[in-house]
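K.L.:
What follows is the file upload-v4.cif, containing mmCIF, C-alpha atoms:
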data_protein
loop_
_atom_site.label_atom_id
_atom_site.label_comp_id
_atom_site.auth_asym_id
_atom_site.auth_seq_id
_atom_site.Cartn_x
_atom_site.Cartn_y
_atom_site.Cartn_z
CA VAL A 1 1.20 10.30 14.23
CA SER A 2 -1.78 11.90 12.54
CA ARG A 3 -2.22 12.25 8.81
CA LEU A 4 -4.45 14.29 6.53
CA VAL A 5 -6.78 12.70 4.01
CA ARG A 6 -9.70 13.78 1.89
CA ALA A 7 -13.00 12.27 2.98
CA THR A 8 -13.63 10.98 -0.55
CA GLU A 9 -10.42 8.92 -0.30
CA LEU A 10 -12.03 6.89 2.50
CA MET A 11 -14.97 5.93 0.32
CA GLY A 12 -14.52 2.47 -1.11
CA LEU A 13 -11.95 1.40 1.49
CA PRO A 14 -12.60 -2.19 2.62
CA VAL A 15 -13.83 -2.71 6.18
CA VAL A 16 -11.68 -5.53 7.59
CA THR A 17 -12.16 -7.57 10.78
CA LEU A 18 -9.15 -8.13 13.03
CA ASP A 19 -10.49 -11.45 14.36
CA THR A 20 -11.14 -13.18 11.03
CA ALA A 21 -9.16 -11.04 8.53
CA ALA A 22 -12.22 -10.83 6.30
CA ALA A 23 -13.50 -7.83 4.35
CA ILE A 24 -17.14 -7.51 5.41
CA GLY A 25 -17.90 -4.50 3.21
CA GLU A 26 -16.58 -1.15 2.12
CA VAL A 27 -17.06 2.47 3.14
CA ARG A 28 -19.96 4.05 1.28
CA ASP A 29 -20.23 7.41 3.00
CA VAL A 30 -18.61 9.44 5.74
CA LEU A 31 -20.96 11.03 8.31
CA PHE A 32 -19.91 14.19 10.18
CA ASP A 33 -21.07 15.91 13.30
CA PRO A 34 -20.54 19.59 12.42
CA ASP A 35 -20.89 20.72 16.05
CA ARG A 36 -17.97 18.58 17.14
CA SER A 37 -16.12 18.74 13.82
CA ARG A 38 -15.73 14.97 13.90
CA VAL A 39 -16.52 11.99 11.76
CA VAL A 40 -19.13 10.08 13.76
CA ALA A 41 -19.82 7.10 11.53
CA PHE A 42 -19.33 5.41 8.21
CA THR A 43 -22.07 3.81 6.20
CA VAL A 44 -20.97 0.45 4.84
CA ARG A 45 -22.06 -1.21 1.63
CA GLY A 46 -21.31 -4.68 0.29
CA ARG A 47 -18.29 -5.33 -1.89
CA GLY A 48 -18.82 -6.31 -5.49
CA LEU A 49 -21.44 -5.64 -8.12
CA LEU A 50 -24.34 -7.68 -6.78
CA SER A 51 -23.91 -6.76 -3.12
CA PRO A 52 -26.36 -4.68 -1.08
CA ALA A 53 -26.13 -0.88 -1.29
CA LEU A 54 -26.32 -0.51 2.49
CA LEU A 55 -25.11 -3.16 4.93
CA GLY A 56 -25.22 -0.96 7.98
CA LEU A 57 -23.69 1.80 10.04
CA LEU A 58 -20.26 1.79 11.63
CA PRO A 59 -19.84 4.34 14.47
CA THR A 60 -16.25 5.59 14.64
CA GLY A 61 -16.19 4.55 18.31
CA SER A 62 -16.16 0.96 17.04
CA VAL A 63 -13.31 1.55 14.60
CA GLU A 64 -9.88 0.30 15.70
CA SER A 65 -7.92 2.09 13.01
CA ILE A 66 -8.47 4.05 9.83
CA GLY A 67 -5.58 2.98 7.64
CA ARG A 68 -4.41 3.99 4.18
CA ASP A 69 -5.85 0.83 2.69
CA ALA A 70 -8.60 -0.33 5.04
CA VAL A 71 -10.83 0.54 7.98
CA MET A 72 -10.10 -1.98 10.74
CA ILE A 73 -12.73 -3.23 13.20
CA SER A 74 -12.42 -5.83 15.94
CA THR A 75 -15.21 -8.09 14.73
CA ALA A 76 -18.14 -8.09 12.30
CA ALA A 77 -20.62 -7.70 15.18
CA VAL A 78 -19.71 -4.02 15.75
CA LEU A 79 -21.40 -3.10 12.47
CA LEU A 80 -24.93 -1.90 13.20
CA ARG A 81 -26.84 -3.92 10.65
CA HIS A 82 -29.19 -2.24 8.24
CA ARG A 83 -32.70 -1.95 9.63
CA GLU A 84 -35.97 -0.60 8.34
CA GLY A 85 -35.78 3.18 8.25
CA MET A 86 -32.04 3.43 8.54
CA ALA A 87 -31.60 4.45 4.92
CA SER A 88 -34.10 7.33 5.14
CA THR A 89 -32.59 8.53 8.43
CA LEU A 90 -29.21 8.60 6.75
CA ASP A 91 -30.67 10.49 3.81
CA ASP A 92 -31.59 13.27 6.24
CA GLN A 93 -27.92 13.86 6.94
CA VAL A 94 -26.75 17.23 5.68
CA GLU A 95 -24.70 16.71 2.56
CA VAL A 96 -21.73 19.09 2.69
CA ILE A 97 -20.12 18.34 -0.65
CA GLY A 98 -21.32 20.83 -3.23
CA LYS A 99 -22.20 23.53 -0.69
CA GLU A 100 -21.29 27.17 -1.16
CA VAL A 101 -18.42 28.26 1.10
CA VAL A 102 -18.69 31.85 2.35
CA THR A 103 -16.39 33.85 4.62
CA ASP A 104 -17.80 35.38 7.80
CA ASP A 105 -17.53 38.85 6.24
CA GLY A 106 -19.69 37.73 3.35
CA GLY A 107 -17.12 36.93 0.67
CA ALA A 108 -17.71 33.98 -1.58
CA VAL A 109 -14.91 31.39 -1.53
CA GLY A 110 -16.27 28.77 -3.87
CA ARG A 111 -18.00 25.41 -3.94
CA MET A 112 -16.96 22.65 -1.55
CA ILE A 113 -15.69 19.56 -3.34
CA ASP A 114 -14.18 17.63 -0.43
CA VAL A 115 -13.67 17.56 3.31
CA VAL A 116 -10.17 17.26 4.78
CA LEU A 117 -9.82 14.94 7.77
CA GLU A 118 -7.07 14.53 10.30
CA ILE A 119 -6.81 10.83 11.10
CA ASP A 120 -5.31 9.54 14.31
CA GLY A 121 -5.84 5.82 14.85
CA GLY A 122 -9.60 5.23 14.73
CA GLU A 123 -10.47 8.92 15.17
CA ALA A 124 -11.11 11.38 12.36
CA GLY A 125 -11.50 15.11 12.92
CA VAL A 126 -12.72 17.58 10.33
CA VAL A 127 -9.97 20.18 9.86
CA GLY A 128 -10.59 21.67 6.46
CA CYS A 129 -12.49 21.70 3.23
CA GLU A 130 -11.34 21.68 -0.34
CA VAL A 131 -13.00 24.35 -2.40
CA GLU A 132 -13.23 24.81 -6.12
CA ARG A 133 -12.75 28.43 -7.11
CA GLY A 134 -12.70 29.34 -10.77
CA GLU A 135 -10.11 27.11 -12.40
CA GLY A 136 -8.25 26.30 -9.19
CA ARG A 137 -8.72 24.45 -5.94
CA LEU A 138 -7.75 25.52 -2.47
CA ILE A 139 -7.99 24.07 0.99
CA VAL A 140 -9.55 26.15 3.75
CA PRO A 141 -9.11 25.36 7.46
CA LEU A 142 -12.36 24.80 9.32
CA PRO A 143 -12.55 25.87 12.95
CA LEU A 144 -14.54 23.84 15.49
CA GLY A 145 -18.30 24.06 15.09
CA MET A 146 -18.36 25.86 11.77
CA PRO A 147 -21.84 27.16 10.95
CA VAL A 148 -23.41 25.03 8.25
CA SER A 149 -26.87 25.35 6.78
CA ALA A 150 -28.75 23.76 3.91
CA ASP A 151 -27.22 26.38 1.62
CA ALA A 152 -23.77 27.29 2.81
CA LEU A 153 -20.88 26.86 5.16
CA ILE A 154 -19.20 29.82 6.80
CA VAL A 155 -15.45 30.01 7.34
CA PRO A 156 -13.35 32.78 8.95
CA ALA A 157 -12.19 35.53 6.60
CA ALA A 158 -8.45 35.11 6.76
CA GLY A 159 -7.07 34.93 3.24
CA GLU A 160 -3.53 33.99 4.17
CA THR A 161 -4.65 30.74 5.75
CA TYR A 162 -5.73 29.30 2.44
CA ALA A 163 -3.50 26.68 0.91
CA ALA A 164 -3.44 26.09 -2.80
CA ASN A 165 -0.83 23.37 -3.04
CA GLY A 166 -2.60 20.29 -1.78
CA LEU A 167 -2.57 18.48 1.57
CA GLY A 168 1.18 18.93 2.06
CA GLY A 169 0.89 22.72 2.06
CA PHE A 170 -2.28 22.52 4.11
CA ARG A 171 -0.48 20.80 7.00
CA GLU A 172 1.67 23.94 7.45
CA VAL A 173 -1.34 26.23 7.14
CA LEU A 174 -3.11 24.16 9.76
CA ALA A 175 -0.14 24.38 12.14
CA ARG A 176 0.03 28.18 11.76
CA SER A 177 -3.71 28.53 12.22
CA ARG A 178 -3.56 26.45 15.41
CA ASP A 179 -0.70 28.55 16.77
CA ARG A 180 -2.78 31.65 16.25
CA HIS A 181 -5.81 30.19 17.96
CA GLY A 182 -3.79 28.67 20.77
CA LEU A 183 -4.71 25.13 19.83
CA SER A 184 -2.16 22.38 20.05
CA ALA A 185 -1.39 20.63 16.78
CA VAL B 186 15.41 -22.22 6.84
CA ILE B 187 13.20 -23.29 3.97
CA ARG B 188 10.98 -21.34 1.63
CA LEU B 189 7.44 -21.91 0.49
CA SER B 190 8.62 -21.67 -3.14
CA GLU B 191 11.01 -24.58 -2.49
CA VAL B 192 8.28 -26.76 -1.05
CA LYS B 193 5.36 -26.06 -3.35
CA GLY B 194 4.87 -28.67 -6.05
CA ARG B 195 7.56 -30.90 -4.58
CA ARG B 196 7.09 -34.66 -4.40
CA VAL B 197 6.33 -36.19 -1.00
CA MET B 198 7.73 -39.69 -0.41
CA ALA B 199 7.30 -42.30 2.28
CA ARG B 200 10.70 -43.41 3.54
CA ASP B 201 9.67 -46.93 4.50
CA ASN B 202 8.65 -48.06 1.02
CA ALA B 203 9.82 -45.26 -1.32
CA GLN B 204 6.24 -44.63 -2.38
CA THR B 205 5.28 -41.19 -3.67
CA VAL B 206 2.17 -40.12 -1.77
CA GLY B 207 1.56 -36.87 -3.68
CA THR B 208 2.96 -33.40 -4.29
CA VAL B 209 2.66 -30.30 -2.11
CA ARG B 210 -0.29 -28.14 -3.07
CA ARG B 211 -0.32 -25.73 -0.11
CA VAL B 212 1.19 -25.20 3.31
CA GLN B 213 -1.05 -24.46 6.28
CA LEU B 214 -0.25 -21.60 8.65
CA ASP B 215 -1.32 -21.48 12.28
CA VAL B 216 -1.65 -17.81 13.14
CA ALA B 217 -1.55 -18.13 16.94
CA SER B 218 1.86 -19.81 16.88
CA ALA B 219 3.05 -18.22 13.59
CA ARG B 220 4.06 -21.69 12.40
CA ILE B 221 3.59 -23.83 9.33
CA VAL B 222 1.68 -26.76 10.83
CA ALA B 223 0.76 -28.90 7.83
CA ILE B 224 1.00 -29.48 4.09
CA GLU B 225 -1.80 -30.40 1.76
CA LEU B 226 -1.12 -33.00 -0.90
CA GLU B 227 -2.38 -33.01 -4.43
CA ALA B 228 -2.26 -35.94 -6.83
CA ALA B 229 -2.68 -37.88 -3.62
CA LEU B 230 -3.40 -41.58 -3.19
CA ASP B 231 -6.75 -41.02 -1.52
CA ARG B 232 -8.60 -38.46 0.61
CA ALA B 233 -5.91 -38.44 3.28
CA THR B 234 -4.36 -35.20 1.99
CA ILE B 235 -3.04 -33.66 5.21
CA VAL B 236 0.47 -34.22 6.52
CA GLU B 237 1.33 -32.41 9.73
CA TRP B 238 4.58 -30.53 9.29
CA PRO B 239 6.52 -32.31 12.09
CA ALA B 240 6.02 -35.57 10.16
CA VAL B 241 8.24 -34.21 7.40
CA VAL B 242 11.56 -35.69 8.47
CA ALA B 243 13.76 -34.50 5.62
CA THR B 244 13.64 -32.09 2.72
CA THR B 245 15.84 -32.45 -0.30
CA GLU B 246 15.80 -30.79 -3.68
CA ASP B 247 13.83 -33.70 -5.03
CA ALA B 248 11.36 -34.57 -2.33
CA LEU B 249 9.96 -34.09 1.14
CA MET B 250 10.34 -37.31 3.11
CA ILE B 251 7.84 -38.68 5.59
CA GLU B 252 8.36 -41.94 7.52
CA THR B 253 5.35 -43.76 6.19
CA ALA B 254 2.17 -43.21 4.20
CA GLU B 255 0.37 -43.62 7.55
CA ASP B 256 1.54 -40.10 8.46
CA ARG B 257 -1.21 -38.76 6.23
CA ARG B 258 -4.77 -38.12 7.36
CA GLU B 259 -8.00 -36.52 6.18
CA PRO B 260 -8.76 -32.88 6.99
CA LEU B 261 -10.41 -32.69 10.39
CA ASP B 262 -11.64 -29.44 11.89
CA GLU B 263 -13.06 -26.23 10.46
CA ALA B 264 -9.64 -24.62 10.11
CA GLU B 265 -8.38 -27.52 8.01
CA GLN B 266 -11.54 -27.57 5.89
CA ALA B 267 -10.99 -23.86 5.16
CA PHE B 268 -7.35 -24.60 4.41
CA VAL B 269 -8.11 -27.30 1.82
CA ALA B 270 -10.83 -25.07 0.35
CA GLY B 271 -7.94 -22.73 -0.55
CA GLN B 272 -9.30 -19.64 1.24
CA LEU B 273 -6.25 -19.37 3.46
CA ASP B 274 -3.61 -20.08 0.85
CA LEU B 275 -0.51 -18.05 1.64
CA ALA B 276 0.68 -17.61 -1.93
CA GLY B 277 -0.69 -14.31 -3.18
CA LYS B 278 -2.39 -13.49 0.14
CA LEU B 279 -2.55 -9.78 0.98
CA VAL B 280 -0.37 -8.82 3.98
CA MET B 281 -1.47 -5.85 6.06
CA HIS B 282 -0.71 -4.19 9.36
CA ASP B 283 -3.46 -4.08 11.98
CA SER B 284 -3.43 -0.29 11.42
CA GLY B 285 -5.03 -0.86 8.00
CA ASP B 286 -1.95 -0.36 5.84
CA VAL B 287 -1.25 -2.91 3.12
CA LEU B 288 2.32 -4.19 2.55
CA GLY B 289 1.62 -6.25 -0.56
CA ARG B 290 0.80 -9.76 -1.69
CA ILE B 291 2.88 -12.71 -0.50
CA GLU B 292 5.42 -13.92 -3.05
CA ASP B 293 7.26 -16.25 -0.70
CA VAL B 294 7.53 -17.29 2.95
CA ALA B 295 10.68 -18.33 4.80
CA TYR B 296 10.30 -20.64 7.81
CA GLU B 297 12.40 -22.88 10.03
CA GLU B 298 12.53 -26.35 8.59
CA LYS B 299 12.42 -28.12 11.92
CA THR B 300 9.79 -26.17 13.83
CA GLY B 301 7.78 -24.65 10.98
CA ARG B 302 8.20 -21.23 12.61
CA VAL B 303 7.70 -18.42 10.07
CA ILE B 304 10.59 -15.94 9.97
CA GLU B 305 10.01 -13.70 6.98
CA LEU B 306 7.34 -12.83 4.45
CA TYR B 307 8.36 -11.72 0.97
CA VAL B 308 6.16 -9.12 -0.69
CA PRO B 309 7.16 -7.17 -3.82
CA GLY B 310 10.16 -5.00 -2.99
CA GLN B 311 10.16 -5.90 0.68
CA VAL B 312 11.18 -8.60 3.16
CA VAL B 313 8.94 -8.45 6.23
CA PRO B 314 10.27 -10.07 9.41
CA VAL B 315 7.47 -11.56 11.49
CA GLU B 316 7.30 -12.64 15.09
CA ARG B 317 3.61 -12.42 15.74
CA MET B 318 0.50 -12.64 13.62
CA ILE B 319 -3.02 -11.41 14.33
CA ALA B 320 -5.30 -13.15 11.85
CA LEU B 321 -5.40 -15.01 8.56
CA GLY B 322 -8.63 -14.87 6.61
CA SER B 323 -10.25 -14.68 3.22
CA TYR B 324 -9.09 -11.08 2.75
CA ALA B 325 -5.63 -10.88 4.29
CA LEU B 326 -2.93 -11.96 6.68
CA ILE B 327 -2.87 -9.32 9.41
CA ILE B 328 0.35 -8.70 11.33
CA PRO B 329 1.04 -6.11 14.06
CA ALA B 330 2.14 -2.68 12.87
CA PRO B 331 5.70 -1.84 14.00
CA GLY B 332 5.68 -0.34 17.48
CA SER B 333 2.19 -1.58 18.32
#
Show how you would write the structure in this file as structure tokens.
P.N.:
Amino acid sequence: VSRLVRATELMGLPVVTLDTAAAIGEVRDVLFDPDRSRVVAFTVRGRGLLSPALLGLLPTGSVESIGRDAVMISTAAVLLRHREGMASTLDDQVEVIGKEVVTDDGGAVGRMIDVVLEIDGGEAGVVGCEVERGEGRLIVPLPLGMPVSADALIVPAAGETYAANGLGGFREVLARSRDRHGLSA
Amino acid sequence: VIRLSEVKGRRVMARDNAQTVGTVRRVQLDVASARIVAIELEAALDRATIVEWPAVVATTEDALMIETAEDRREPLDEAEQAFVAGQLDLAGKLVMHDSGDVLGRIEDVAYEEKTGRVIELYVPGQVVPVERMIALGSYALIIPAPGS
């Protein structure tokens, strides 16, 4: 059974090994591949005040399960340890939070404040984004391979697909949107 | 069936000479067999603080009985060193499913008196039946998620 979460909710989750039941670090950042609309990796930092800011990189292929309370991995060795240059490579990743969201007919939607993920076991797909518009927030479905640049992200102009009442309402919007596009939920 | 809360802090006596050899500080869990395999003594006579669970021949409200003080020994391998270091203490240990969902912290454990086999874990608001365990470590006790 899949579930919807905001990407920011994954940040800070402990990364726990299934062989030793130890927390080797916690999720610092979530890295997306916009072309495949998938989470491809997590960056992992140490837990606690005096721990390193970057322990390494955890590709989602090495993740056994993304749970509500922890990211589970088989063993500590699957974490790609921090190496020289890794931090600057990661800094080149396109930051999506804070980007302008624009519809494909040119209308402004608002500023992106979060990414909505559909989690199924160890896999996480990007299915929507949460946008701040005026005083309110709404969640907009994101189709596969949404165009994203340094300035903006473009979403289809289809006003009725916007959900204003949180992730619960968004699940229904997502189901309707998939029906329309012939995608299975 | 006996509970961790009934055992903890209880006096341990040698049956042959009625000598108290210590009180129970912790119980040691073996994850592979899901059994309580040993107890650790505190206020012990010497450094022989480990009593393997099968050596406990009777449990009463007052004491756990062992045959003789010779049933005690010093901690041996890495697992027992970690056990006496307190890292694997069951009381208060986080219980989670291998899916990454937390159930809560252990308040009590019920296990078969004779075999040491763990039957249920008590976390706040929930009794968790267990048959199999995956790992016990510094962070948590991991058990299989239902249906996995």
K.L.:
Starting from the point (-4.2, -17.1, 15.3), work out which residues of protein, DNA or RNA have an atom no more than 7 Å away when counting all atoms listed in the file; state them as a ChimeraX atom specification.
P.N.:
/B:215-218,318-320
K.L.:
Expand the PyMOL selection byres ((chain B) within 9 of (chain A)) into the individual residues it matches in the shown file, reporting them as number ranges by chain.
P.N.:
B: 281-287, 319-327
K.L.:
Given the choices B:Asp293, B:Glu316, B:Glu246, B:Glu259, which gets closest to Ala229 (chain B) if the distance is worked out from only C-alpha atoms?
P.N.:
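Result for the nearest residue to Ala229 (chain B): B:Glu259.
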K.L.:
Counting only C-alpha atoms, write as a PyMOL selection string all protein and nucleic acid residues lying at most 9 Å from (14.1, -36.6, -0.6) in the file's frame.
P.N.:
chain B and resi 196-198+200+243-250
K.L.:
Would you export the selected residues with C-alpha atoms as a PDB file, in the coordinates of the input, please?
P.N.:
ATOM      1  CA  ARG B 196       7.090 -34.660  -4.400  1.00  0.00           C
ATOM      2  CA  VAL B 197       6.330 -36.190  -1.000  1.00  0.00           C
ATOM      3  CA  MET B 198       7.730 -39.690  -0.410  1.00  0.00           C
ATOM      4  CA  ARG B 200      10.700 -43.410   3.540  1.00  0.00           C
ATOM      5  CA  ALA B 243      13.760 -34.500   5.620  1.00  0.00           C
ATOM      6  CA  THR B 244      13.640 -32.090   2.720  1.00  0.00           C
ATOM      7  CA  THR B 245      15.840 -32.450  -0.300  1.00  0.00           C
ATOM      8  CA  GLU B 246      15.800 -30.790  -3.680  1.00  0.00           C
ATOM      9  CA  ASP B 247      13.830 -33.700  -5.030  1.00  0.00           C
ATOM     10  CA  ALA B 248      11.360 -34.570  -2.330  1.00  0.00           C
ATOM     11  CA  LEU B 249       9.960 -34.090   1.140  1.00  0.00           C
ATOM     12  CA  MET B 250      10.340 -37.310   3.110  1.00  0.00           C
TER      13      MET B 250
END
K.L.:
Would you mind listing what lies within 10 Å of Ser190 (chain B) as a ChimeraX atom specification, with only C-alpha atoms counted and same-chain residues fewer than 3 positions away left out?
P.N.:
/B:187,193-195,276,292-295
K.L.:
Using only C-alpha atoms, which protein or nucleic acid residues come within 8 Å of region 235-241 of chain B? Drop anything in the same chain fewer than 4 positions from it, and give the result as a PyMOL selection string.
P.N.:
chain B and resi 221-226+249-252+256-260+299-301
K.L.:
Which value, in Å to one decimal, gives the distance between CA of Arg317 (chain B) and CA of Thr234 (chain B)?
P.N.:
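Distance between the two atoms: 27.8 Å.
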K.L.:
Report as a list in words all protein, DNA and RNA residues lying within 7 Å of Val186 (chain B), evaluated on all atoms listed in the file, omitting residues in the same chain fewer than 2 positions from it.
P.N.:
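In the requested format, the answer is Arg188, Ala295, Tyr296, Glu297 and Glu298 of chain B.
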